[in-house]
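S.K.: Before anything else, here's the structure in question.
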Amino acid sequence: MQKKKLVLVTFLAAVVVSVGAIFGVLAHGSQPQPNVPVTSILNDTGIVTAGTNYQIQNDGAGSYFNGVASVSSILQGSSGDWVLDTGSSTTRTILIDLRQPVANSGAAPPFAWELLPARIISKCHEALAGSFPAMALNQTLSCPMGISFQYGGNSYGLMMASGPNSDINYAETNNPLVTCTSMNGSNQCDKWTLLPIQQPNGTIKNIARLRQALKGNYNFAFLGDYYVSFSMEVTNP
């Protein structure tokens with residue numbers, strides 16, 4: 001009898017170990033994927049004081065690297081979306097230029113142009129599962145984008161987010177066009193460009209809506225629409 005009990009206990013222990021191993025694998029497999037560090041390039045052009053610049057461009061210090069000068073430049077592990085965040089940096093900023101308001105849009109800009117800590121996110125997962133890394137070579141997606149920043153103690157968002165691929169729909173705005181331009185040895189996209197659309201008058205600019213977060217709730221004050229030009233690149237690494 002004791003021998004039978006010993007065999008049974010040994011068998012049950014083996015079952016427990018096996019089940020634990022299985023659930024361990026499942027738990028490990030369900031862990032969130034890590035963020036992927038990337039290089040973010042906000043190209044610049046023209047002279048800011050003359051107004052011949054892109055409306056969204058770098059601060060004159062070149063590319064943004066993840067972990068350098070407290071900058072976050074990543075593809076999110078959870079979604080594959082691109083995020084460039086200089087909010088924690090004391091040296092890196094992003095140019096925000098609001099000198100091209102759309103006529104009759106109620107534009108009330110808080111400034112003309114400023115170099116500010118800002119956070120940019122391009123949500124291509126709303127157009128394609130897997131977002132940036134899942135794109136095919138030369139594939140172009142219309143991806144909502146938000147640029148958030150603070151000025152004068154207030155929080156603002158410059159939003160280019162419209163259509164069925166956006167979790168919000170500011171119908172008059174234009175999503176940036178994101179194109180995969182290179183594949184790595186694993187046949188996964190590793191370089192992208194982000195550009196505006198062509199407007200009916202032939203200019204290459206997007207319309208963006210400026211909103212101000214109202215304190216104490218989740219509502220916004222809308223401060224009009226603005227034309228914005230830009231030329232952005234993301235590379236991995």
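Naming works like this for the structure tokens: A, B, ... for the chains as they're shown, residue 1 at the start of each chain, ligands 1 onward in shown order.
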Applying 8 Å and only C-alpha atoms, which residues near A:Ser182 remain after dropping the ones on its own chain fewer than 3 positions away? List them as a compact mmCIF listing (two decimals) with all heavy atoms, in the first residue's frame.
M.R.:
# COMPACT_ATOMS: atom_id res chain seq x y z
N LEU A 137 7.53 46.59 -47.78
CA LEU A 137 8.38 47.54 -48.48
C LEU A 137 7.55 48.39 -49.45
O LEU A 137 6.74 47.86 -50.21
CB LEU A 137 9.48 46.79 -49.25
CG LEU A 137 10.50 47.66 -49.98
CD1 LEU A 137 11.28 48.52 -49.00
CD2 LEU A 137 11.44 46.78 -50.80
N ASN A 138 7.74 49.70 -49.38
CA ASN A 138 7.06 50.69 -50.21
C ASN A 138 5.58 50.84 -49.89
O ASN A 138 4.87 51.58 -50.60
CB ASN A 138 7.24 50.39 -51.70
CG ASN A 138 8.70 50.43 -52.11
OD1 ASN A 138 9.48 51.26 -51.64
ND2 ASN A 138 9.10 49.51 -52.99
N CYS A 189 10.39 45.64 -41.90
CA CYS A 189 10.65 47.04 -42.21
C CYS A 189 11.51 47.68 -41.12
O CYS A 189 11.27 47.48 -39.93
CB CYS A 189 9.34 47.80 -42.34
SG CYS A 189 9.56 49.47 -42.99
N ASP A 190 12.54 48.45 -41.54
CA ASP A 190 13.41 49.09 -40.56
C ASP A 190 13.67 50.56 -40.84
O ASP A 190 14.43 51.21 -40.11
CB ASP A 190 14.73 48.33 -40.43
CG ASP A 190 15.55 48.31 -41.71
OD1 ASP A 190 15.09 48.85 -42.74
OD2 ASP A 190 16.67 47.74 -41.69
N LYS A 191 13.02 51.12 -41.88
CA LYS A 191 13.14 52.56 -42.14
C LYS A 191 11.80 53.07 -42.68
O LYS A 191 11.16 52.39 -43.48
CB LYS A 191 14.26 52.87 -43.14
CG LYS A 191 15.66 52.60 -42.61
CD LYS A 191 16.71 53.01 -43.65
CE LYS A 191 18.12 52.73 -43.12
NZ LYS A 191 19.17 53.10 -44.11
N TRP A 192 11.45 54.27 -42.24
CA TRP A 192 10.17 54.85 -42.63
C TRP A 192 10.31 56.35 -42.87
O TRP A 192 11.17 57.01 -42.27
CB TRP A 192 9.13 54.65 -41.52
CG TRP A 192 8.93 53.23 -41.10
CD1 TRP A 192 7.95 52.37 -41.51
CD2 TRP A 192 9.72 52.49 -40.15
NE1 TRP A 192 8.09 51.15 -40.89
CE2 TRP A 192 9.16 51.20 -40.04
CE3 TRP A 192 10.84 52.80 -39.37
CZ2 TRP A 192 9.69 50.23 -39.21
CZ3 TRP A 192 11.37 51.82 -38.54
CH2 TRP A 192 10.79 50.55 -38.46
S.K.: If we count only C-alpha atoms, what is near A:Ile74 at a cut-off of 10 Å, once residues fewer than 5 positions away on the same chain are taken out, given as a short mmCIF file (atom, residue, chain, number, x, y, z; two decimals) with all heavy atoms, in the first residue's frame?
M.R.:
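Output contents, as saved in part00.cif:
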data_model
loop_
_atom_site.label_atom_id
_atom_site.label_comp_id
_atom_site.auth_asym_id
_atom_site.auth_seq_id
_atom_site.Cartn_x
_atom_site.Cartn_y
_atom_site.Cartn_z
N PRO A 34 9.13 44.28 -25.47
CA PRO A 34 9.90 45.48 -25.10
C PRO A 34 9.82 46.55 -26.19
O PRO A 34 9.61 46.25 -27.36
CB PRO A 34 11.33 44.94 -24.96
CG PRO A 34 11.36 43.73 -25.86
CD PRO A 34 9.99 43.12 -25.77
N ASN A 35 9.99 47.80 -25.78
CA ASN A 35 10.08 48.88 -26.74
C ASN A 35 11.35 48.72 -27.59
O ASN A 35 12.35 48.17 -27.12
CB ASN A 35 10.11 50.23 -26.03
CG ASN A 35 8.84 50.51 -25.26
OD1 ASN A 35 7.75 50.08 -25.66
ND2 ASN A 35 8.95 51.23 -24.16
N VAL A 36 11.29 49.19 -28.82
CA VAL A 36 12.42 49.09 -29.73
C VAL A 36 13.04 50.48 -29.90
O VAL A 36 12.38 51.40 -30.40
CB VAL A 36 11.99 48.55 -31.10
CG1 VAL A 36 13.18 48.51 -32.06
CG2 VAL A 36 11.36 47.16 -30.96
N PRO A 37 14.30 50.68 -29.50
CA PRO A 37 14.94 51.99 -29.70
C PRO A 37 15.12 52.28 -31.19
O PRO A 37 15.53 51.40 -31.95
CB PRO A 37 16.29 51.84 -28.99
CG PRO A 37 16.15 50.66 -28.09
CD PRO A 37 15.17 49.75 -28.76
N VAL A 38 14.81 53.49 -31.60
CA VAL A 38 14.99 53.91 -33.00
C VAL A 38 15.61 55.30 -33.03
O VAL A 38 15.63 56.02 -32.02
CB VAL A 38 13.64 53.92 -33.76
CG1 VAL A 38 13.09 52.51 -33.93
CG2 VAL A 38 12.62 54.83 -33.07
N THR A 39 16.10 55.66 -34.20
CA THR A 39 16.59 57.02 -34.44
C THR A 39 15.48 57.82 -35.10
O THR A 39 14.89 57.37 -36.08
CB THR A 39 17.83 56.99 -35.35
OG1 THR A 39 18.86 56.22 -34.73
CG2 THR A 39 18.34 58.40 -35.61
N SER A 40 15.19 58.99 -34.54
CA SER A 40 14.14 59.86 -35.09
C SER A 40 14.79 61.08 -35.73
O SER A 40 15.63 61.75 -35.11
CB SER A 40 13.19 60.30 -33.97
OG SER A 40 12.51 59.19 -33.43
N PHE A 65 18.17 60.44 -30.51
CA PHE A 65 18.53 59.06 -30.20
C PHE A 65 17.95 58.65 -28.85
O PHE A 65 18.00 59.44 -27.89
CB PHE A 65 20.06 58.89 -30.18
CG PHE A 65 20.73 59.27 -31.47
CD1 PHE A 65 21.30 60.53 -31.62
CD2 PHE A 65 20.77 58.39 -32.53
CE1 PHE A 65 21.91 60.89 -32.81
CE2 PHE A 65 21.38 58.75 -33.73
CZ PHE A 65 21.95 60.00 -33.86
N ASN A 66 17.43 57.46 -28.79
CA ASN A 66 16.83 56.99 -27.55
C ASN A 66 17.86 56.93 -26.42
O ASN A 66 18.95 56.38 -26.60
CB ASN A 66 16.23 55.60 -27.75
CG ASN A 66 15.41 55.15 -26.55
OD1 ASN A 66 14.44 55.80 -26.18
ND2 ASN A 66 15.82 54.05 -25.94
N GLY A 67 17.52 57.52 -25.29
CA GLY A 67 18.40 57.48 -24.13
C GLY A 67 19.48 58.54 -24.10
O GLY A 67 20.22 58.64 -23.13
N GLY A 80 3.71 48.89 -31.64
CA GLY A 80 4.54 49.14 -32.81
C GLY A 80 4.52 50.57 -33.27
O GLY A 80 5.17 50.93 -34.26
N ASP A 81 3.78 51.44 -32.55
CA ASP A 81 3.69 52.84 -32.93
C ASP A 81 4.98 53.59 -32.60
O ASP A 81 5.69 53.25 -31.65
CB ASP A 81 2.52 53.51 -32.20
CG ASP A 81 1.18 53.02 -32.68
OD1 ASP A 81 1.11 52.44 -33.78
OD2 ASP A 81 0.18 53.21 -31.94
N TRP A 82 5.25 54.64 -33.38
CA TRP A 82 6.44 55.45 -33.16
C TRP A 82 6.17 56.57 -32.17
O TRP A 82 5.15 57.26 -32.27
CB TRP A 82 6.90 56.06 -34.49
CG TRP A 82 7.97 57.11 -34.34
CD1 TRP A 82 9.19 56.98 -33.74
CD2 TRP A 82 7.90 58.46 -34.82
NE1 TRP A 82 9.89 58.16 -33.81
CE2 TRP A 82 9.14 59.08 -34.47
CE3 TRP A 82 6.94 59.19 -35.52
CZ2 TRP A 82 9.41 60.41 -34.79
CZ3 TRP A 82 7.21 60.51 -35.84
CH2 TRP A 82 8.43 61.10 -35.48
N VAL A 83 7.09 56.73 -31.22
CA VAL A 83 6.99 57.80 -30.24
C VAL A 83 8.34 58.50 -30.13
O VAL A 83 9.37 57.85 -29.95
CB VAL A 83 6.57 57.28 -28.84
CG1 VAL A 83 6.60 58.42 -27.83
CG2 VAL A 83 5.20 56.65 -28.89
N LEU A 84 8.32 59.82 -30.25
CA LEU A 84 9.49 60.66 -29.95
C LEU A 84 9.07 61.60 -28.83
O LEU A 84 8.13 62.38 -28.98
CB LEU A 84 9.93 61.45 -31.17
CG LEU A 84 11.01 62.52 -30.92
CD1 LEU A 84 12.29 61.89 -30.39
CD2 LEU A 84 11.27 63.33 -32.19
N ASP A 85 9.78 61.52 -27.70
CA ASP A 85 9.40 62.30 -26.52
C ASP A 85 10.63 63.00 -25.96
O ASP A 85 11.59 62.36 -25.52
CB ASP A 85 8.80 61.36 -25.47
CG ASP A 85 8.14 62.11 -24.32
OD1 ASP A 85 8.41 63.31 -24.15
OD2 ASP A 85 7.36 61.48 -23.57
N ILE A 121 3.48 61.14 -31.37
CA ILE A 121 3.13 59.72 -31.55
C ILE A 121 2.40 59.56 -32.88
O ILE A 121 1.52 60.34 -33.22
CB ILE A 121 2.27 59.18 -30.39
CG1 ILE A 121 1.98 57.68 -30.59
CG2 ILE A 121 0.99 59.99 -30.20
CD1 ILE A 121 1.39 56.98 -29.39
N VAL A 234 12.29 57.72 -39.58
CA VAL A 234 12.54 56.84 -38.44
C VAL A 234 13.37 55.67 -38.95
O VAL A 234 13.04 55.09 -40.00
CB VAL A 234 11.22 56.34 -37.81
CG1 VAL A 234 11.50 55.41 -36.63
CG2 VAL A 234 10.34 57.50 -37.39
N THR A 235 14.44 55.34 -38.22
CA THR A 235 15.25 54.20 -38.62
C THR A 235 15.51 53.29 -37.43
O THR A 235 15.62 53.75 -36.30
CB THR A 235 16.61 54.66 -39.20
OG1 THR A 235 17.42 55.21 -38.15
CG2 THR A 235 16.43 55.70 -40.28
N ASN A 236 15.60 52.00 -37.70
CA ASN A 236 15.91 51.01 -36.67
C ASN A 236 17.16 50.25 -37.10
O ASN A 236 17.11 49.44 -38.02
CB ASN A 236 14.72 50.05 -36.51
CG ASN A 236 15.01 48.95 -35.52
OD1 ASN A 236 15.94 49.03 -34.72
ND2 ASN A 236 14.22 47.87 -35.56
N PRO A 237 18.32 50.47 -36.47
CA PRO A 237 18.48 51.34 -35.27
C PRO A 237 18.60 52.79 -35.68
O PRO A 237 18.74 53.13 -36.85
CB PRO A 237 19.77 50.82 -34.68
CG PRO A 237 20.54 50.29 -35.84
CD PRO A 237 19.53 49.73 -36.78
#
S.K.: Name the closest residue to A:Asp97 among the candidates A:Asn154, A:Thr49, A:Gln55, A:Asn187; distances are taken between atoms, counting only C-alpha atoms.
M.R.: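 Among A:Asn154, A:Thr49, A:Gln55, A:Asn187, it is A:Gln55 that comes nearest to A:Asp97.
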S.K.: Tell me which protein, DNA and RNA residues are within 12 Å of A:Phe111, counting only C-alpha atoms, leaving out same-chain ones fewer than 6 positions away, and put them as a list in words.
M.R.: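 Neighbouring residues, sequence-local ones excluded: Leu95, Ile96, Asp97, Leu98, Arg99, Gln100, Pro101, Gln150, Tyr151, Gly152, Tyr156, Leu210 and Leu223 of chain A.
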S.K.: Please, could you write that set of residues out with C-alpha atoms as a PDB file, in the first residue's frame?
M.R.:
ATOM      1  CA  LEU A  95      10.063  73.405 -33.217  1.00  0.00           C
ATOM      2  CA  ILE A  96       6.314  74.108 -33.238  1.00  0.00           C
ATOM      3  CA  ASP A  97       5.323  76.825 -35.730  1.00  0.00           C
ATOM      4  CA  LEU A  98       1.745  78.159 -35.756  1.00  0.00           C
ATOM      5  CA  ARG A  99       2.221  81.025 -38.202  1.00  0.00           C
ATOM      6  CA  GLN A 100       0.051  79.491 -40.943  1.00  0.00           C
ATOM      7  CA  PRO A 101      -3.513  79.422 -39.603  1.00  0.00           C
ATOM      8  CA  GLN A 150       3.120  72.545 -22.755  1.00  0.00           C
ATOM      9  CA  TYR A 151       3.325  76.311 -22.910  1.00  0.00           C
ATOM     10  CA  GLY A 152       2.565  78.960 -20.308  1.00  0.00           C
ATOM     11  CA  TYR A 156      -1.772  71.552 -25.896  1.00  0.00           C
ATOM     12  CA  LEU A 210      -4.823  72.756 -32.103  1.00  0.00           C
ATOM     13  CA  LEU A 223      -7.941  76.920 -30.994  1.00  0.00           C
TER      14      LEU A 223
END
S.K.: So which bits of stretch 11-232 of chain A end up alpha helix (DSSP H) when you DSSP the backbone, as a list in words?
M.R.: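 For stretch 11-232 of chain A, the alpha helix (DSSP H) set is Phe11, Leu12, Ala13, Ala14, Val15, Val16, Val17, Ser18, Val19, Gly20, Ala21, Ile22, Phe23, Gly24, Val25, Leu26, Ala27, His28 and Gly29 of chain A.
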S.K.: When distances are computed from only C-alpha atoms, which of A:Pro200, A:Pro133, A:Gly153, A:Gly46 shows the smallest separation from A:Val178?
M.R.: A:Pro133
S.K.: Pick from A:Ile120, A:Ala127, A:Ala107, A:Ala134: nearest to A:Cys180, with only C-alpha atoms counted?
M.R.: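 Between A:Ile120, A:Ala127, A:Ala107, A:Ala134, the residue approaching A:Cys180 most closely is A:Ala134.
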S.K.: Have a look at A:Met183, A:Leu75, A:Ile41, A:Leu195 and name the one nearest to A:Ala136; count only C-alpha atoms.
M.R.: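 The shortest atom-to-atom distance to A:Ala136 comes from A:Met183.
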S.K.: Could you please determine the separation between atom CA of A:Met135 and atom CA of A:Glu172 in Å, to one decimal place?
M.R.: 26.3 Å
S.K.: Give me, as a ChimeraX atom specification, the residues of stretch 133-228 of chain A that a backbone DSSP run labels strand (DSSP E or B).
M.R.: /A:140-142,145-151,154-160,177-183,189-195,198,204,206-213,220-228
S.K.: Need the shell around A:Thr173: protein/DNA/RNA residues with any atom at most 9 Å away, counting only C-alpha atoms. Skip same-chain ones fewer than 4 positions apart. Format as a PyMOL selection string?
M.R.: chain A and resi 159-162+169+206-209+225
S.K.: Which polymer residues have any atom within 12 Å of an atom of A:Phe220, counting only C-alpha atoms, with same-chain residues fewer than 2 positions away left out, as a list in words?
M.R.: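 Near A:Phe220, the qualifying residues are Asn154, Ser155, Tyr156, Gly157, Leu158, Arg209, Leu210, Arg211, Gln212, Ala213, Leu214, Lys215, Gly216, Asn217, Tyr218, Phe222, Leu223 and Gly224 of chain A.
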S.K.: Using atom CA of A:Val228 and atom CA of A:Ile204 as the two end points, give the distance in Å to one decimal.
M.R.: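 Rounded to one decimal, the two atoms are 8.9 Å apart.
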S.K.: Considering only C-alpha atoms, return as number ranges by chain whatever protein or nucleic-acid residues lie within 9 Å of A:His125, sequence-local ones (same chain, fewer than 5 positions apart) excluded.
M.R.: A: 79-81, 130-132, 143, 165
S.K.: For A:Met145, which residue out of A:Pro109, A:Pro196, A:Gly77, A:Gly62 is the nearest one, using only C-alpha atoms?
M.R.: A:Pro196
S.K.: Between atom CA of A:Pro144 and atom CA of A:Pro164, what distance in Å does the model show, to one decimal?
M.R.: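 Computing it gives 10.1 Å between the two atoms.
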S.K.: Which of these residues is nearest to A:Ala103, using only C-alpha atoms: A:Tyr54, A:Ser89, A:Tyr226, A:Ala69?
M.R.: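 Selected residue with least distance to A:Ala103: A:Tyr226.
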